[in-house]
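Trainee: File protein.pdb below, PDB, C-alpha atoms and all ligand atoms:
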ATOM      1  CA  MET J   1      41.151  -2.309 -25.181
ATOM      2  CA  SER J   2      39.916  -5.626 -26.414
ATOM      3  CA  PHE J   3      38.866  -8.819 -24.687
ATOM      4  CA  VAL J   4      41.342 -11.685 -24.748
ATOM      5  CA  ILE J   5      38.576 -14.241 -25.305
ATOM      6  CA  PRO J   6      35.323 -13.655 -27.231
ATOM      7  CA  ALA J   7      32.837 -11.755 -25.046
ATOM      8  CA  TRP J   8      29.393 -13.291 -24.640
ATOM      9  CA  ASP J   9      25.968 -11.840 -25.322
ATOM     10  CA  LEU J  10      24.237 -10.050 -22.483
ATOM     11  CA  PRO J  11      21.482 -12.343 -21.159
ATOM     12  CA  SER J  12      18.048 -10.817 -21.780
ATOM     13  CA  VAL J  13      14.345 -11.535 -22.130
ATOM     14  CA  PRO J  14      11.769  -9.804 -24.349
ATOM     15  CA  VAL J  15       9.549  -6.996 -23.134
ATOM     16  CA  ALA J  16       5.977  -8.106 -23.888
ATOM     17  CA  GLY J  17       4.303  -6.345 -26.793
ATOM     18  CA  THR J  18       7.489  -4.617 -28.011
ATOM     19  CA  LYS J  19      10.662  -5.386 -29.966
ATOM     20  CA  ASP J  20      12.731  -4.337 -26.966
ATOM     21  CA  ARG J  21      14.509  -6.583 -24.512
ATOM     22  CA  PHE J  22      15.137  -6.454 -20.787
ATOM     23  CA  PRO J  23      18.827  -7.104 -19.963
ATOM     24  CA  VAL J  24      19.305  -9.508 -17.056
ATOM     25  CA  ARG J  25      22.085  -8.559 -14.683
ATOM     26  CA  ARG J  26      21.689 -10.944 -11.740
ATOM     27  CA  ILE J  27      19.076 -13.513 -10.716
ATOM     28  CA  TRP J  28      18.115 -13.388  -7.058
ATOM     29  CA  CYS J  29      15.728 -15.966  -5.621
ATOM     30  CA  VAL J  30      13.649 -15.888  -2.459
ATOM     31  CA  GLY J  31      13.494 -19.142  -0.476
ATOM     32  CA  ARG J  32      10.382 -20.467   1.287
ATOM     33  CA  ASN J  33       7.867 -17.742   0.533
ATOM     34  CA  TYR J  34       4.542 -19.628   0.506
ATOM     35  CA  ALA J  35       3.456 -21.335   3.748
ATOM     36  CA  ALA J  36       2.033 -24.452   2.059
ATOM     37  CA  HIS J  37       5.348 -25.016   0.230
ATOM     38  CA  ILE J  38       7.313 -24.576   3.482
ATOM     39  CA  VAL J  39       5.159 -27.295   5.047
ATOM     40  CA  GLU J  40       5.633 -29.673   2.088
ATOM     41  CA  MET J  41       9.420 -29.181   2.425
ATOM     42  CA  GLY J  42       9.197 -30.114   6.110
ATOM     43  CA  TYR J  43       9.700 -26.714   7.765
ATOM     44  CA  ASP J  44       7.837 -24.538  10.230
ATOM     45  CA  PRO J  45       5.706 -22.059   8.274
ATOM     46  CA  ASN J  46       5.904 -19.363  10.935
ATOM     47  CA  ARG J  47       7.169 -16.152   9.431
ATOM     48  CA  GLU J  48      10.909 -15.800   9.776
ATOM     49  CA  GLU J  49      13.358 -13.448   8.019
ATOM     50  CA  PRO J  50      13.362 -13.954   4.235
ATOM     51  CA  PHE J  51      16.490 -15.519   2.756
ATOM     52  CA  PHE J  52      17.978 -15.343  -0.703
ATOM     53  CA  PHE J  53      20.173 -17.279  -3.088
ATOM     54  CA  ALA J  54      21.332 -16.551  -6.636
ATOM     55  CA  LYS J  55      21.617 -18.094 -10.075
ATOM     56  CA  PRO J  56      23.953 -16.924 -12.854
ATOM     57  CA  ALA J  57      22.263 -14.554 -15.329
ATOM     58  CA  ASP J  58      23.084 -16.860 -18.229
ATOM     59  CA  ALA J  59      20.908 -19.581 -16.653
ATOM     60  CA  ILE J  60      17.957 -17.802 -18.342
ATOM     61  CA  VAL J  61      15.982 -19.945 -20.815
ATOM     62  CA  GLN J  62      13.660 -18.195 -23.267
ATOM     63  CA  ASN J  63       9.917 -18.817 -23.382
ATOM     64  CA  GLY J  64       9.241 -21.789 -25.665
ATOM     65  CA  GLY J  65      12.740 -23.132 -25.048
ATOM     66  CA  VAL J  66      14.218 -26.377 -23.814
ATOM     67  CA  VAL J  67      15.754 -27.148 -20.435
ATOM     68  CA  PRO J  68      18.177 -29.977 -21.203
ATOM     69  CA  TYR J  69      17.810 -32.589 -18.439
ATOM     70  CA  PRO J  70      20.815 -31.648 -16.285
ATOM     71  CA  PRO J  71      23.611 -34.010 -15.264
ATOM     72  CA  GLN J  72      24.183 -35.407 -11.758
ATOM     73  CA  THR J  73      20.546 -35.563 -10.706
ATOM     74  CA  LYS J  74      17.748 -38.087 -10.453
ATOM     75  CA  ASN J  75      15.244 -35.577  -9.065
ATOM     76  CA  LEU J  76      14.748 -32.497 -11.252
ATOM     77  CA  HIS J  77      11.955 -30.293  -9.855
ATOM     78  CA  TYR J  78       9.932 -27.348 -11.181
ATOM     79  CA  GLU J  79       9.130 -24.319  -9.009
ATOM     80  CA  LEU J  80       6.839 -21.794 -10.667
ATOM     81  CA  GLU J  81       7.508 -18.227  -9.493
ATOM     82  CA  MET J  82       6.604 -14.639 -10.290
ATOM     83  CA  VAL J  83       9.672 -12.756 -11.536
ATOM     84  CA  VAL J  84      10.167  -9.153 -10.439
ATOM     85  CA  ALA J  85      12.366  -7.212 -12.900
ATOM     86  CA  LEU J  86      14.094  -4.150 -11.456
ATOM     87  CA  GLY J  87      14.484  -1.019 -13.550
ATOM     88  CA  LYS J  88      16.222   0.921 -10.831
ATOM     89  CA  GLY J  89      18.852  -0.077  -8.276
ATOM     90  CA  GLY J  90      19.595   1.014  -4.761
ATOM     91  CA  SER J  91      20.688   0.117  -1.238
ATOM     92  CA  ASN J  92      18.521   0.160   1.874
ATOM     93  CA  VAL J  93      15.372   0.763  -0.155
ATOM     94  CA  LYS J  94      12.401   1.635   2.038
ATOM     95  CA  ILE J  95       9.361  -0.640   1.790
ATOM     96  CA  GLU J  96       7.130   2.314   0.878
ATOM     97  CA  ASN J  97       9.387   3.257  -2.074
ATOM     98  CA  ALA J  98      10.267  -0.254  -3.199
ATOM     99  CA  LEU J  99       7.740  -0.584  -6.035
ATOM    100  CA  ASP J 100       9.297   2.469  -7.745
ATOM    101  CA  HIS J 101      12.260   0.167  -8.452
ATOM    102  CA  VAL J 102      10.204  -2.375 -10.414
ATOM    103  CA  TYR J 103      10.210  -2.225 -14.205
ATOM    104  CA  GLY J 104       7.852  -5.149 -14.687
ATOM    105  CA  TYR J 105       6.888  -8.741 -14.000
ATOM    106  CA  GLY J 106       7.400 -12.116 -15.626
ATOM    107  CA  VAL J 107       6.647 -15.806 -15.220
ATOM    108  CA  GLY J 108       9.669 -17.849 -14.164
ATOM    109  CA  LEU J 109      10.720 -21.377 -13.243
ATOM    110  CA  ASP J 110      13.302 -21.964 -10.519
ATOM    111  CA  MET J 111      14.381 -25.371 -11.828
ATOM    112  CA  THR J 112      16.042 -27.332  -9.039
ATOM    113  CA  ARG J 113      18.181 -30.445  -8.741
ATOM    114  CA  ARG J 114      16.365 -31.359  -5.537
ATOM    115  CA  ASP J 115      18.655 -34.241  -4.607
ATOM    116  CA  LEU J 116      21.762 -32.034  -4.859
ATOM    117  CA  GLN J 117      20.046 -29.178  -3.006
ATOM    118  CA  PHE J 118      19.106 -31.482  -0.120
ATOM    119  CA  ALA J 119      22.556 -33.104  -0.037
ATOM    120  CA  SER J 120      24.252 -29.703   0.278
ATOM    121  CA  ARG J 121      21.657 -28.481   2.762
ATOM    122  CA  ASP J 122      22.141 -31.544   4.965
ATOM    123  CA  ARG J 123      25.909 -30.940   5.063
ATOM    124  CA  GLY J 124      25.562 -27.193   5.648
ATOM    125  CA  ARG J 125      27.057 -26.481   2.218
ATOM    126  CA  PRO J 126      26.024 -23.882  -0.407
ATOM    127  CA  TRP J 127      22.978 -24.544  -2.611
ATOM    128  CA  GLU J 128      24.428 -23.484  -5.956
ATOM    129  CA  MET J 129      24.847 -26.940  -7.466
ATOM    130  CA  GLY J 130      21.191 -27.659  -6.702
ATOM    131  CA  LYS J 131      19.942 -24.282  -7.876
ATOM    132  CA  GLY J 132      22.382 -22.344 -10.064
ATOM    133  CA  TRP J 133      23.199 -24.734 -12.884
ATOM    134  CA  ASP J 134      23.018 -24.158 -16.667
ATOM    135  CA  HIS J 135      19.508 -23.476 -18.058
ATOM    136  CA  SER J 136      17.980 -23.475 -14.556
ATOM    137  CA  ALA J 137      16.043 -20.200 -14.907
ATOM    138  CA  PRO J 138      13.376 -20.131 -17.662
ATOM    139  CA  CYS J 139      11.672 -16.732 -17.841
ATOM    140  CA  SER J 140       8.832 -15.304 -19.933
ATOM    141  CA  ALA J 141       8.699 -11.858 -21.491
ATOM    142  CA  ILE J 142       8.579  -9.045 -18.939
ATOM    143  CA  VAL J 143       5.300  -7.135 -18.792
ATOM    144  CA  PRO J 144       5.897  -3.505 -17.766
ATOM    145  CA  ALA J 145       4.334  -2.377 -14.490
ATOM    146  CA  ALA J 146       3.327   0.732 -16.449
ATOM    147  CA  LYS J 147       0.850  -1.562 -18.244
ATOM    148  CA  ILE J 148      -0.454  -3.866 -15.519
ATOM    149  CA  GLY J 149       0.429  -2.196 -12.245
ATOM    150  CA  HIS J 150       1.892  -4.316  -9.441
ATOM    151  CA  PRO J 151       0.041  -7.638  -9.106
ATOM    152  CA  SER J 152      -0.326  -8.644  -5.452
ATOM    153  CA  LYS J 153      -3.115 -11.161  -6.087
ATOM    154  CA  GLY J 154      -3.958 -13.491  -8.929
ATOM    155  CA  VAL J 155      -3.732 -17.125  -9.900
ATOM    156  CA  ILE J 156      -0.268 -18.699 -10.203
ATOM    157  CA  LYS J 157      -0.588 -22.110 -11.845
ATOM    158  CA  LEU J 158       1.686 -24.738 -13.352
ATOM    159  CA  ALA J 159       0.712 -27.716 -15.496
ATOM    160  CA  VAL J 160       2.959 -30.605 -16.540
ATOM    161  CA  ASN J 161       1.753 -32.294 -19.743
ATOM    162  CA  GLY J 162      -1.597 -30.557 -19.265
ATOM    163  CA  GLN J 163      -2.081 -31.761 -15.693
ATOM    164  CA  VAL J 164      -2.221 -29.016 -13.039
ATOM    165  CA  LYS J 165       0.460 -29.481 -10.361
ATOM    166  CA  GLN J 166       0.691 -26.071  -8.706
ATOM    167  CA  ASN J 167      -2.308 -23.805  -8.221
ATOM    168  CA  SER J 168      -2.145 -20.937  -5.770
ATOM    169  CA  ASP J 169      -2.507 -17.184  -5.538
ATOM    170  CA  LEU J 170       0.132 -14.441  -5.425
ATOM    171  CA  GLY J 171      -1.684 -13.151  -2.348
ATOM    172  CA  ALA J 172      -0.358 -16.195  -0.429
ATOM    173  CA  MET J 173       3.231 -14.902  -0.529
ATOM    174  CA  ILE J 174       4.626 -14.469   2.974
ATOM    175  CA  TRP J 175       7.059 -11.718   1.971
ATOM    176  CA  LYS J 176       5.427  -9.286  -0.441
ATOM    177  CA  VAL J 177       7.324  -7.717  -3.334
ATOM    178  CA  PRO J 178       8.100  -4.390  -1.570
ATOM    179  CA  GLU J 179       9.391  -6.292   1.469
ATOM    180  CA  MET J 180      11.642  -8.606  -0.526
ATOM    181  CA  ILE J 181      13.151  -5.664  -2.423
ATOM    182  CA  SER J 182      13.728  -3.782   0.820
ATOM    183  CA  TYR J 183      15.310  -6.790   2.594
ATOM    184  CA  LEU J 184      17.517  -7.751  -0.340
ATOM    185  CA  SER J 185      18.687  -4.155  -0.836
ATOM    186  CA  ALA J 186      19.961  -4.151   2.745
ATOM    187  CA  LEU J 187      22.189  -7.131   1.887
ATOM    188  CA  VAL J 188      23.461  -6.071  -1.556
ATOM    189  CA  ALA J 189      23.241  -2.927  -3.674
ATOM    190  CA  LEU J 190      20.499  -3.738  -6.155
ATOM    191  CA  ALA J 191      21.057  -2.738  -9.776
ATOM    192  CA  PRO J 192      18.910  -2.144 -12.860
ATOM    193  CA  GLY J 193      18.538  -5.476 -14.648
ATOM    194  CA  ASP J 194      18.434  -7.514 -11.454
ATOM    195  CA  VAL J 195      15.502  -9.923 -11.358
ATOM    196  CA  ILE J 196      13.988 -11.532  -8.281
ATOM    197  CA  TYR J 197      12.330 -14.959  -8.423
ATOM    198  CA  SER J 198       9.791 -14.493  -5.648
ATOM    199  CA  GLY J 199       9.346 -18.057  -4.354
ATOM    200  CA  THR J 200       7.116 -20.971  -5.291
ATOM    201  CA  PRO J 201       3.752 -22.205  -3.994
ATOM    202  CA  ASP J 202       3.202 -25.817  -2.936
ATOM    203  CA  GLY J 203       2.890 -28.684  -5.376
ATOM    204  CA  VAL J 204       6.525 -28.903  -6.495
ATOM    205  CA  GLY J 205       7.561 -32.203  -7.999
ATOM    206  CA  PRO J 206       9.784 -34.061 -10.435
ATOM    207  CA  VAL J 207       9.884 -33.893 -14.223
ATOM    208  CA  VAL J 208      11.532 -36.132 -16.791
ATOM    209  CA  LYS J 209      12.790 -35.829 -20.350
ATOM    210  CA  GLY J 210       9.986 -34.913 -22.757
ATOM    211  CA  ASP J 211       7.733 -33.292 -20.151
ATOM    212  CA  LYS J 212       6.032 -30.064 -21.206
ATOM    213  CA  LEU J 213       5.671 -27.408 -18.523
ATOM    214  CA  MET J 214       3.235 -24.528 -18.788
ATOM    215  CA  GLY J 215       3.287 -21.829 -16.133
ATOM    216  CA  GLU J 216       0.673 -19.131 -15.975
ATOM    217  CA  ILE J 217       0.271 -16.054 -13.794
ATOM    218  CA  GLU J 218      -2.872 -13.971 -14.020
ATOM    219  CA  LYS J 219      -2.308 -10.592 -15.744
ATOM    220  CA  ILE J 220       1.341 -11.428 -16.513
ATOM    221  CA  GLY J 221       1.216 -14.272 -19.025
ATOM    222  CA  THR J 222       2.422 -17.778 -19.701
ATOM    223  CA  LEU J 223       5.725 -19.613 -19.875
ATOM    224  CA  ASN J 224       6.246 -22.842 -21.802
ATOM    225  CA  VAL J 225       9.313 -25.044 -21.630
ATOM    226  CA  THR J 226      10.128 -28.626 -22.551
ATOM    227  CA  ILE J 227      12.534 -30.865 -20.658
ATOM    228  CA  GLY J 228      15.038 -32.066 -23.267
TER     229      GLY J 228
HETATM  230 MN    MN J 301      12.328 -21.302  -5.662
END
Output the structure of this file as structure tokens.
Mentor:
Amino acid sequence: MSFVIPAWDLPSVPVAGTKDRFPVRRIWCVGRNYAAHIVEMGYDPNREEPFFFAKPADAIVQNGGVVPYPPQTKNLHYELEMVVALGKGGSNVKIENALDHVYGYGVGLDMTRRDLQFASRDRGRPWEMGKGWDHSAPCSAIVPAAKIGHPSKGVIKLAVNGQVKQNSDLGAMIWKVPEMISYLSALVALAPGDVIYSGTPDGVGPVVKGDKLMGEIEKIGTLNVTIG
């Protein structure tokens, strides 16, 4: 058996402190997971069921890389998020067992064409063209949970050109990591290599060509990208 067109490389990110890599299978994202961000987007911050959307795995951008300013937008936004990398799959995972499925954690950016997202939202259409475009998912190296445990608190902070724009704490997440894994696994069978972008705090905003973004999550590390 051979492929009729050249096969592509498996998307992956480094594992911090090693020469190994973490293969990325699918990118799941949690919507509206910090109350202050829900308010800034114009919604009611009362806790409702979590919801999810996806990006293609090859939307990953390596730490230190460039996000080319995407076409068809005039409002490109950053959303800094903790990335949960799954080492083990499963369906209907119980909340109390969910952390056993986590390999490690990373720092990610859910880059968003906000104008296209809102246009599709307002027409009741899918979000993909706002969310799942090329190079829309920068991600740092994954730090194994075996090294740092499972961070449920800690500063999550983003600076654009050295100026702090987002500054919150992981403890402000509405849906905690075990809950998001459990919920998502009731909707799809999770698989090793799946990563979950866990939602962004408030302070989202636009970036332009040449901007330098630095995201930082306590205990996990930093992520640097440039808008190209
Ligand atoms: Mn997001």
Trainee: Find the residue from J:Gly108, J:Gly149, J:Pro178, J:Gly154 that sits nearest to Glu81 (chain J); use all atoms listed in the file when measuring.
Mentor: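 Ranked by minimum distance to Glu81 (chain J), first place goes to J:Gly108.
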Trainee: Which one of J:His135, J:Arg47, J:His77, J:Arg26 sits closest to ligand MN 301 (chain J) if you count all atoms listed in the file?
Mentor: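 Closest candidate: J:His77.
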Trainee: Pull out every residue that the PyMOL selection byres (((chain J and resi 53) around 10) and not hetatm) matches in the shown coordinates and put them as number ranges by chain.
Mentor: J: 27-31, 51-52, 54-55, 126-128, 131-132, 196-197
Trainee: Ranking J:Val15, J:Leu184, J:Met173, J:Val67 by minimum distance to Pro151 (chain J) and counting only C-alpha atoms, which one comes first?
Mentor: J:Met173
Trainee: So which residues get picked by the PyMOL selection byres (((not hetatm)) within 6 of (chain J and resi 301)) here, written as a ChimeraX atom specification?
Mentor: /J:31,79,110,199-200
Trainee: Pull C-alpha atoms from the residues just selected and write them as a tab-separated table (two decimals), in the coordinates of the input.
Mentor:
chain	number	residue	atom	x	y	z
J	31	GLY	CA	13.49	-19.14	-0.48
J	79	GLU	CA	9.13	-24.32	-9.01
J	110	ASP	CA	13.30	-21.96	-10.52
J	199	GLY	CA	9.35	-18.06	-4.35
J	200	THR	CA	7.12	-20.97	-5.29
Trainee: I would like the residues chosen by the PyMOL selection byres (((chain J and resi 41) around 12) and not hetatm) on the shown file; could you give them as a short mmCIF file (atom, residue, chain, number, x, y, z; two decimals) with C-alpha atoms, in the frame of the given file?
Mentor:
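To be explicit, this is the file written out as out35.cif:
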data_model
loop_
_atom_site.label_atom_id
_atom_site.label_comp_id
_atom_site.auth_asym_id
_atom_site.auth_seq_id
_atom_site.Cartn_x
_atom_site.Cartn_y
_atom_site.Cartn_z
CA GLY J 31 13.49 -19.14 -0.48
CA ARG J 32 10.38 -20.47 1.29
CA ASN J 33 7.87 -17.74 0.53
CA TYR J 34 4.54 -19.63 0.51
CA ALA J 35 3.46 -21.34 3.75
CA ALA J 36 2.03 -24.45 2.06
CA HIS J 37 5.35 -25.02 0.23
CA ILE J 38 7.31 -24.58 3.48
CA VAL J 39 5.16 -27.30 5.05
CA GLU J 40 5.63 -29.67 2.09
CA GLY J 42 9.20 -30.11 6.11
CA TYR J 43 9.70 -26.71 7.76
CA ASP J 44 7.84 -24.54 10.23
CA PRO J 45 5.71 -22.06 8.27
CA ARG J 114 16.36 -31.36 -5.54
CA GLN J 117 20.05 -29.18 -3.01
CA PHE J 118 19.11 -31.48 -0.12
CA THR J 200 7.12 -20.97 -5.29
CA PRO J 201 3.75 -22.20 -3.99
CA ASP J 202 3.20 -25.82 -2.94
CA GLY J 203 2.89 -28.68 -5.38
CA VAL J 204 6.52 -28.90 -6.50
CA GLY J 205 7.56 -32.20 -8.00
#
Trainee: For Asn75 (chain J), which residue out of J:Ala159, J:Leu187, J:Met111, J:Met1 is the nearest one, using all atoms listed in the file?
Mentor: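 Going through J:Ala159, J:Leu187, J:Met111, J:Met1 one by one, the smallest distance to Asn75 (chain J) is for J:Met111.
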Trainee: Any idea what the distance is between CA of Val207 (chain J) and CA of Lys153 (chain J)?
Mentor: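 It comes out at 27.4 Å.
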Trainee: Please indicate the distance in Å from CA of Ile220 (chain J) to CA of Ala186 (chain J), rounded to one decimal place.
Mentor: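 CA of Ala186 (chain J) lies 27.8 Å from CA of Ile220 (chain J).
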Trainee: Can you work out the spacing between CA of Val208 (chain J) and CA of Arg125 (chain J) in Å, to one decimal?
Mentor: 26.4 Å
Trainee: Can you work out which one of J:Ile217, J:Leu86, J:Thr112, J:Pro6 has the shortest atom-to-atom distance to Asp134 (chain J), counting all atoms listed in the file?
Mentor: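 Using all atoms listed in the file, the shortest distance to Asp134 (chain J) belongs to J:Thr112.
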Trainee: So which residues touch Asn161 (chain J) within 10 Å, counting all atoms listed in the file, skipping near sequence neighbours fewer than 6 positions away, as a list in words?
Mentor: Val207, Gly210, Asp211, Lys212, Leu213, Met214 and Thr226 of chain J
